[in-house]
Amino acid sequence: MSTAKNLNLINCHSCHLLCRAHESGSIAGWVCPRCGARLHFRKPKSVARTWALVIAAAIFYVPANVLSITTIVSFGSTQSDTILSGVLYFIKTGMWPIAIIIFIASIVVPLAKILILSFLMITIQRGSVRRRKDRTRLYRITEAIGRWSMLDIFVVTILVALVHLGSLATVKAGPAAAFFAAVVVITMFAAASFDPRLIWDAKESPDGK
Amino acid sequence: MIQATRLIACHECDLIHRLPLIASGKSARCSRCGALLIRRRKNSLERTLALALAGLVLFFLANAFPFLSFKLETQIQQTTLITGIRELYHQDLHAVAVLVMLTTIVVPLVQLTGMIYILLPLRLNRKVPRLMETFRLMQTLKPWSMTEVFMLGILVSIVKLAKMAQIIPGVALYSFMALIFTLAAATATLDPQTVWEQWNPDR
Amino acid sequence: MENDKTGEPDFSDLPEAVIKEVKTPISIVWIVPLVALLIGGWLVYKALSEKGPTITISFKTAEGLEAGKTKIKYKDVDLGQVDKIELSSDVSRVVVQAQLVKSAESLLTENTRFWVVRARLSAGEVSGLGTLFSGAYIGMDPGNPGETARNFIGLEIPPIVTANLPGAHFALRAVSLGSLDIGSPVYYRQIKVGQVVGYHLEEDGKAVIIEIFVGAPHHQSVNKNTRFWNASGLDVTLDVNGIRVSTESLVTLILGGIAFDTPTNLEPGGPAETGDVFLLYDSREKISEKTYANKFNWLLYFDGSVRGLSAGAPVEFKGIQVGKVLDVSLELSPDRRTCRIPVLIETEPERFWPAHTPFEEAKQKTFMINLVKKGLRAKLKTGNLLTGQLLVDLDLYPNADKEQIDFSGKYPKLPTLPGPTEEIMASLTRLLTKLDAFPIEAIGQDLRDTARGINRLVNASELREAVITLNETLSQAQELMTRINTGTVPEFNAGVEQFNAAFSRLNTLVQKLNDEVTPTISATLQQAQGTLSDIDSFVHTDASLFQGLKRALSEIEGAARAIRVTADYISRHPDALIYGKGTEK
């Protein structure tokens with residue numbers, strides 16, 4: 001199996017032009033002749049960056065779910081909801097599909113992203129060669145579903161905009177919204193900084209390293 | 001023009017493949033990891049351009065007219081796309097407001113204008129400054145255009161509020177829905193290969 | 001995959017196809033932006049063409065107004081909305097920029113007036129939850145046609161909207177505004193026929209002038225003698241006559257209102273004209289009261305308790321109210337060491353002026369002197385059994401002692417008679433003193449001595465003597481019992497008989513009362529009831545007779561107990577008969 005790296009070729013990530021890498025000189029500063037994008041064999045400091053971002057996302061995940069994301073003020077009575085209590089509310093009122101959608105988008109997806117990326121990086125760092133195709137597929141899924149976690153943020157935006165009727169009913173966004181937004185953004189960056197080619201870099205060697 | 005036999009490395013597993021000419025409408029995938037390497041589109045430039053223009057018109061409509069109205073008894077709250085963002089900003093959630101603004105308004109606009117900026121000159125064989133940078137920027141920002149997620153968010157909100165009050169959709173809502181489809185179609189129809197191929201780097 | 005070189009068969013003898021420059025046709029996809037453009041353009045055009053005029057209104061304050069929310073209404077129809085609220089350039093006023101609908105363009109003239117209707121219940125209508133929360137809105141009145149204008153100065157007080165409507169305006173004079181407000185409805189036979197359009201204080205600040213508007217054709221029902229009254233809320237009166245609850249309608253309950261009617265016992269007096277001033281009565285009942293301007297104050301002195309008499313209590317003459325009590329106070333007279341209660345009353349002498357004689361103030365005095373000569377006296381009477389309220393009753397008592405009106409002092413003093421309550425109290429007091437003199441103490445003393453004697457007897461030394469004495473004691477005890485039976489009980493009976501006597505005396509007293517005073521039969525029964533209940537209370541609670549009886553019985557109980565104890569002791573310690581209880585010998 002000949003990869004570009006083995007043959008000292010660099011695949012431009014932006015225009016997919018295969019370029020020959022110079023024998024000498026550092027890789028920094030190389031640009032693709034066709035599109036001008038920066039060239040690198042692998043995404044720079046991929047593992048370190050991704051770990052940092054994943055850990056940050058995990059830290060923010062806690063307040064995002066613990067703090068209240070919406071507060072409804074109606075006739076003087078306040079009702080604060082966290083993401084989870086919102087899901088429970090939908091279940092209680094019989095709106096199952098919505099509950100499932102929000103649950104998946106707001107709770108499952110960010111958690112899954114964090115866990116999957118962690119898993120992928122652990123397997124890379126351990127040099128595992130098992131089921132690489134599936135792992136790549138896993139990465140593809142992670143990258144694709146990432147943006148859908150923004151669902152709850154948009155719902156809050158719309159509620160805040162619509163339900164603005166003074167003392168009759170007003171919705172205020174809670175601090176969890178900021179944390180949740182942070183989680184989504186960070187996980188998206190984490191997925192972007194992860195280089196899936198690293199999965200395939202691990203050599204099948206008898207050493208097992 | 002590019003030679004018939006080309007080489008490409010899979011961007012996900014780095015395996016090198018030989019690439020034949022791929023007819024429009026066909027795609028090439030990596031043999032090892034299954035990633036999508038190339039996909040050719042029919043008439044990419046023209047279609048994308050048309051869709052991008054339509055998208056721009058729809059974008060304008062989506063922002064100029066009322067989006068959704070929320071009616072409880074006699075109290076009506078009319079909103080536009082920006083109302084929610086402004087409200088979030090008022091409630092001191094500046095970061096979230098900026099994020100929502102980026103993902104629903106700024107990035108789609110950049111996508112649309114970027115497309116037009118690139119494709120029109122290409123079509124008319126003119127040169128414009130920083131074409132490649134613009135294109136690269138568009139590609140980078142692609143995952144940040146979240147209008148479809150916003151649509152789902154609207155749906156969820158409507159279902160949640162429908163019990164309490166009357167939701168009246170405005171012109172902007174329909175425009176926005178059309179915009180989502182148009183933008184998705186434009187992004188899909190845009191074939192980067194065509195752009196690379198058409199672009200003549202003689203600076 | 002390698003690209004196979006396509007093997008080309010030899011088609012060289014075929015004509016060559018003409019290569020033409022295929023003009024890339026305009027792809028069908030261009031329909032999409034075209035359609036989008038068309039729809040968009042049409043929408044924009046529609047929006048612009050339907051755009052109504054933009055106006056500015058300046059107010060003193062923007063209180064209650066909200067940009068993007070506050071509506072402009074005329075006849076309760078939304079005609080526009082406030083877009084922006086800014087301060088004027090000299091910061092003295094607030095400039096409100098509003099967008100009106102296109103159809104309102106024709107209504108905007110220089111005479112159009114705008115004012116703020118601040119957050120409150122929409123008067124006259126309770127039209128759903130929304131109005132309660134609709135907050136302030138800007139009311140609009142197109143006014144008379146004139147030149148078109150776009151900039152207006154808003155009014156601070158809502159004007160009389162009814163300038164153009166057919167009908168008539170009237171003014172009502174009231175002591176206070178009460179729960180009325182601009183917009184409060186005016187009812188005629190419980191139909192809303194008009195509303196309050198304004199109010200202001202009179203110059204001297206003693207009354208409020210309420211301007212009302214009554215729409216056609218009902219304004220013709222307003223005559224010179226029509227009475228207006230305040231029909232607001234719930235009327236609950238608790239007075240001498242009992243409890244009464246009345247209300248005009250649910251709306252007045254919340255919003256207040258005025259009702260009018262022409263009393264049947266009055267001449268209509270011709271239709272009223274715009275601007276006529278009427279008096280606003282406090283309630284429906286008050287309109288049928290004849291109000292008299294003349295009031296005359298009298299001072300009455302009472303000796304007994306005036307419990308139940310309060311300011312405002314009626315003064316009646318033969319059951320018809322002729323005035324009311326103004327004040328009740330206490331006067332201690334140091335030299336006589338008594339106190340009496342002066343009661344200030346106010347009468348409207350016109351009420352019991354002889355009919356068909358014009359009232360003259362000068363003749364008033366002589367008239368009253370004559371009445372007093374005939375026996376006019378004031379008495380306190382129970383007005384309401386429920387509340388125990390008293391009233392002052394004026395009546396003629398031909399048999400009363402000769403008295404005169406004392407004209408010295410600030411107020412003339414009318415002679416009074418003690419009320420029937422006082423008489424009952426007096427005789428009861430006498431009865432009770434008699435009962436008090438009952439020899440209960442003596443009986444008690446006797447019993448105690450007897451008990452002591454028994455004790456001494458029981459503690460004697462010799463057995464036989466003791467036994468005999470025991471017998472004797474027992475027999476004596478028996479005797480005692482019989483004595484109690486025969487002695488005390490008859491006395492008790494005697495007491496009861498005296499009681500009966502008192503009762504019969506009371507009866508005769510009541511009879512006397514019956515004869516003396518001549519009220520209606522119901523009043524008599526009332527009095528008897530009152531009497532009995534009073535007696536009831538007196539007898540049941542603090543009659544000393546009862547206390548005395550109780551004491552006597554407890555003494556007897558004590559004596560019997562002592563006997564029992566002693567007998568008990570003897571039965572257990574028979575040697576006590578011999579050796580005594582302990583110490584003595």
# chains A, B, ... in the order shown; residues from 1 in each chain; ligands from 1

call {"tool": "interface_residues", "arguments": {"of": "chain C", "to": "chain B", "cutoff": "6 Å", "atoms": "only C-alpha atoms", "output": "ChimeraX atom specification"}}
result
/C:29-30,33,36,130

call {"tool": "interface_residues", "arguments": {"of": "chain A", "to": "chain B", "cutoff": "8 Å", "atoms": "only C-alpha atoms", "output": "ChimeraX atom specification"}}
result
/A:1-5,11,13-18,34-37,98,132-133,136-137,147-148,150-155,157-165,172-173,175,177-178,181,195-200

call {"tool": "write_last_selection", "arguments": {"atoms": "N, CA and C atoms", "output": "short mmCIF file (atom, residue, chain, number, x, y, z; two decimals), in the first residue's frame"}}
result
data_model
loop_
_atom_site.label_atom_id
_atom_site.label_comp_id
_atom_site.auth_asym_id
_atom_site.auth_seq_id
_atom_site.Cartn_x
_atom_site.Cartn_y
_atom_site.Cartn_z
N MET A 1 0.85 -1.19 0.00
CA MET A 1 0.00 0.00 0.00
C MET A 1 0.88 1.23 0.00
N SER A 2 0.73 1.97 -1.00
CA SER A 2 1.58 3.15 -1.08
C SER A 2 0.74 4.39 -0.78
N THR A 3 1.11 5.01 0.26
CA THR A 3 0.43 6.26 0.57
C THR A 3 1.26 7.41 0.05
N ALA A 4 0.62 8.52 0.00
CA ALA A 4 1.31 9.70 -0.54
C ALA A 4 2.54 10.03 0.31
N LYS A 5 2.36 9.84 1.58
CA LYS A 5 3.45 10.22 2.47
C LYS A 5 4.67 9.35 2.22
N ASN A 11 -0.77 15.58 -0.81
CA ASN A 11 -2.07 15.80 -1.41
C ASN A 11 -2.62 17.13 -0.86
N HIS A 13 -5.01 19.58 0.44
CA HIS A 13 -6.30 19.28 1.08
C HIS A 13 -7.44 20.07 0.47
N SER A 14 -7.05 21.13 -0.24
CA SER A 14 -8.10 21.98 -0.76
C SER A 14 -8.44 21.66 -2.21
N CYS A 15 -7.45 21.45 -3.02
CA CYS A 15 -7.77 21.17 -4.43
C CYS A 15 -7.37 19.78 -4.86
N HIS A 16 -6.95 19.00 -3.92
CA HIS A 16 -6.62 17.59 -4.17
C HIS A 16 -5.55 17.39 -5.22
N LEU A 17 -4.72 18.38 -5.42
CA LEU A 17 -3.62 18.21 -6.35
C LEU A 17 -2.49 17.49 -5.64
N LEU A 18 -1.97 16.48 -6.33
CA LEU A 18 -0.87 15.72 -5.75
C LEU A 18 0.43 16.41 -6.11
N ARG A 34 -1.49 25.03 -7.44
CA ARG A 34 -2.75 25.30 -8.14
C ARG A 34 -3.65 26.26 -7.36
N CYS A 35 -3.79 25.97 -6.11
CA CYS A 35 -4.77 26.78 -5.39
C CYS A 35 -4.17 27.65 -4.31
N GLY A 36 -2.90 27.45 -4.02
CA GLY A 36 -2.28 28.34 -3.05
C GLY A 36 -2.50 27.97 -1.61
N ALA A 37 -3.09 26.82 -1.34
CA ALA A 37 -3.32 26.44 0.05
C ALA A 37 -2.04 25.92 0.66
N ILE A 98 -40.50 14.95 18.76
CA ILE A 98 -39.68 16.13 19.06
C ILE A 98 -38.71 15.81 20.19
N ARG A 132 -9.83 -0.50 10.34
CA ARG A 132 -9.54 0.89 10.05
C ARG A 132 -10.61 1.51 9.17
N LYS A 133 -11.17 0.68 8.32
CA LYS A 133 -12.19 1.23 7.44
C LYS A 133 -13.40 1.69 8.27
N THR A 136 -12.62 4.82 9.97
CA THR A 136 -12.71 5.98 9.07
C THR A 136 -14.16 6.37 8.85
N ARG A 137 -14.97 5.32 8.72
CA ARG A 137 -16.39 5.59 8.55
C ARG A 137 -16.94 6.33 9.76
N ARG A 147 -22.77 19.41 12.95
CA ARG A 147 -23.51 20.67 12.89
C ARG A 147 -24.93 20.53 13.41
N TRP A 148 -25.46 19.34 13.43
CA TRP A 148 -26.85 19.20 13.86
C TRP A 148 -27.06 19.42 15.36
N MET A 150 -26.40 21.98 16.72
CA MET A 150 -26.78 23.37 16.88
C MET A 150 -28.29 23.54 16.97
N LEU A 151 -29.01 22.45 16.82
CA LEU A 151 -30.46 22.52 16.77
C LEU A 151 -31.04 23.25 17.97
N ASP A 152 -30.61 22.86 19.14
CA ASP A 152 -31.21 23.44 20.34
C ASP A 152 -30.93 24.94 20.44
N ILE A 153 -29.75 25.32 20.01
CA ILE A 153 -29.43 26.76 20.03
C ILE A 153 -30.41 27.52 19.15
N PHE A 154 -30.69 26.97 17.99
CA PHE A 154 -31.62 27.65 17.09
C PHE A 154 -33.02 27.69 17.66
N VAL A 155 -33.40 26.59 18.31
CA VAL A 155 -34.72 26.57 18.92
C VAL A 155 -34.83 27.67 19.97
N THR A 157 -33.10 30.40 20.05
CA THR A 157 -33.12 31.69 19.35
C THR A 157 -34.53 32.03 18.90
N ILE A 158 -35.19 31.06 18.31
CA ILE A 158 -36.52 31.33 17.79
C ILE A 158 -37.50 31.59 18.92
N LEU A 159 -37.41 30.81 19.98
CA LEU A 159 -38.32 31.02 21.10
C LEU A 159 -38.14 32.40 21.70
N VAL A 160 -36.89 32.76 21.87
CA VAL A 160 -36.60 34.06 22.46
C VAL A 160 -37.13 35.18 21.59
N ALA A 161 -37.06 34.97 20.29
CA ALA A 161 -37.54 36.01 19.38
C ALA A 161 -39.05 36.07 19.38
N LEU A 162 -39.69 34.91 19.36
CA LEU A 162 -41.14 34.89 19.21
C LEU A 162 -41.87 35.24 20.48
N VAL A 163 -41.52 34.55 21.56
CA VAL A 163 -42.30 34.71 22.77
C VAL A 163 -41.79 35.93 23.51
N HIS A 164 -42.23 37.06 23.07
CA HIS A 164 -41.72 38.31 23.63
C HIS A 164 -42.91 39.21 23.86
N LEU A 165 -43.80 38.76 24.75
CA LEU A 165 -45.04 39.47 24.91
C LEU A 165 -45.16 40.10 26.28
N LYS A 172 -36.53 33.83 28.16
CA LYS A 172 -35.16 34.33 28.25
C LYS A 172 -34.21 33.15 28.08
N ALA A 173 -33.11 33.41 27.40
CA ALA A 173 -32.12 32.35 27.22
C ALA A 173 -31.25 32.28 28.47
N PRO A 175 -27.80 30.62 30.73
CA PRO A 175 -26.35 30.49 30.51
C PRO A 175 -25.96 29.20 29.81
N ALA A 177 -26.99 28.07 27.25
CA ALA A 177 -26.93 28.29 25.81
C ALA A 177 -25.50 28.62 25.37
N ALA A 178 -24.86 29.49 26.14
CA ALA A 178 -23.49 29.86 25.78
C ALA A 178 -22.57 28.65 25.86
N ALA A 181 -23.31 26.24 23.01
CA ALA A 181 -22.74 26.75 21.76
C ALA A 181 -21.24 26.48 21.73
N ASP A 195 -6.93 14.40 11.85
CA ASP A 195 -6.52 13.94 10.52
C ASP A 195 -6.77 12.44 10.42
N PRO A 196 -7.75 12.04 9.62
CA PRO A 196 -8.08 10.61 9.56
C PRO A 196 -6.99 9.76 8.92
N ARG A 197 -6.08 10.42 8.22
CA ARG A 197 -5.00 9.64 7.59
C ARG A 197 -4.12 8.99 8.63
N LEU A 198 -4.14 9.56 9.83
CA LEU A 198 -3.34 8.99 10.90
C LEU A 198 -3.78 7.57 11.23
N ILE A 199 -5.06 7.31 11.01
CA ILE A 199 -5.56 5.96 11.28
C ILE A 199 -4.81 4.95 10.41
N TRP A 200 -4.59 5.39 9.17
CA TRP A 200 -3.97 4.46 8.22
C TRP A 200 -2.46 4.48 8.28
#

call {"tool": "select_by_dssp", "arguments": {"residues": "region 21-156 of chain A", "states": "strand (DSSP E)", "output": "PyMOL selection string"}}
result
chain A and resi 70-74+77-81

call {"tool": "write_last_selection", "arguments": {"atoms": "C-alpha atoms", "output": "PDB file, in the first residue's frame"}}
result
ATOM      1  CA  THR A  70     -34.487  28.627  28.738  1.00  0.00           C
ATOM      2  CA  THR A  71     -36.462  30.515  31.317  1.00  0.00           C
ATOM      3  CA  ILE A  72     -40.120  31.202  30.644  1.00  0.00           C
ATOM      4  CA  VAL A  73     -41.592  34.105  32.556  1.00  0.00           C
ATOM      5  CA  SER A  74     -45.356  34.175  32.440  1.00  0.00           C
ATOM      6  CA  SER A  77     -44.032  32.960  37.514  1.00  0.00           C
ATOM      7  CA  THR A  78     -40.700  31.738  36.221  1.00  0.00           C
ATOM      8  CA  GLN A  79     -39.954  28.327  34.878  1.00  0.00           C
ATOM      9  CA  SER A  80     -36.401  27.379  34.056  1.00  0.00           C
ATOM     10  CA  ASP A  81     -35.595  24.450  31.845  1.00  0.00           C
TER      11      ASP A  81
END

call {"tool": "closest_residue", "arguments": {"among": "A:Cys19, A:Cys12, A:Ala190, A:Ala202", "to": "Leu117 (chain A)", "atoms": "only C-alpha atoms"}}
result
A:Ala190

call {"tool": "atom_distance", "arguments": {"atom1": "CA of Ala174 (chain C)", "atom2": "CA of Arg189 (chain C)"}}
result
21.0 Å

call {"tool": "closest_residue", "arguments": {"among": "A:Phe119, A:Phe103, A:Phe194, A:Phe75", "to": "chain C", "atoms": "only C-alpha atoms"}}
result
A:Phe75

call {"tool": "atom_distance", "arguments": {"atom1": "CA of Phe179 (chain A)", "atom2": "CA of Phe60 (chain A)"}}
result
5.8 Å

call {"tool": "atom_distance", "arguments": {"atom1": "CA of Thr109 (chain C)", "atom2": "CA of Ile138 (chain C)"}}
result
16.5 Å

call {"tool": "select_by_dssp", "arguments": {"residues": "region 5-73 of chain A", "states": "alpha helix (DSSP H)", "output": "PyMOL selection string"}}
result
chain A and resi 46-66
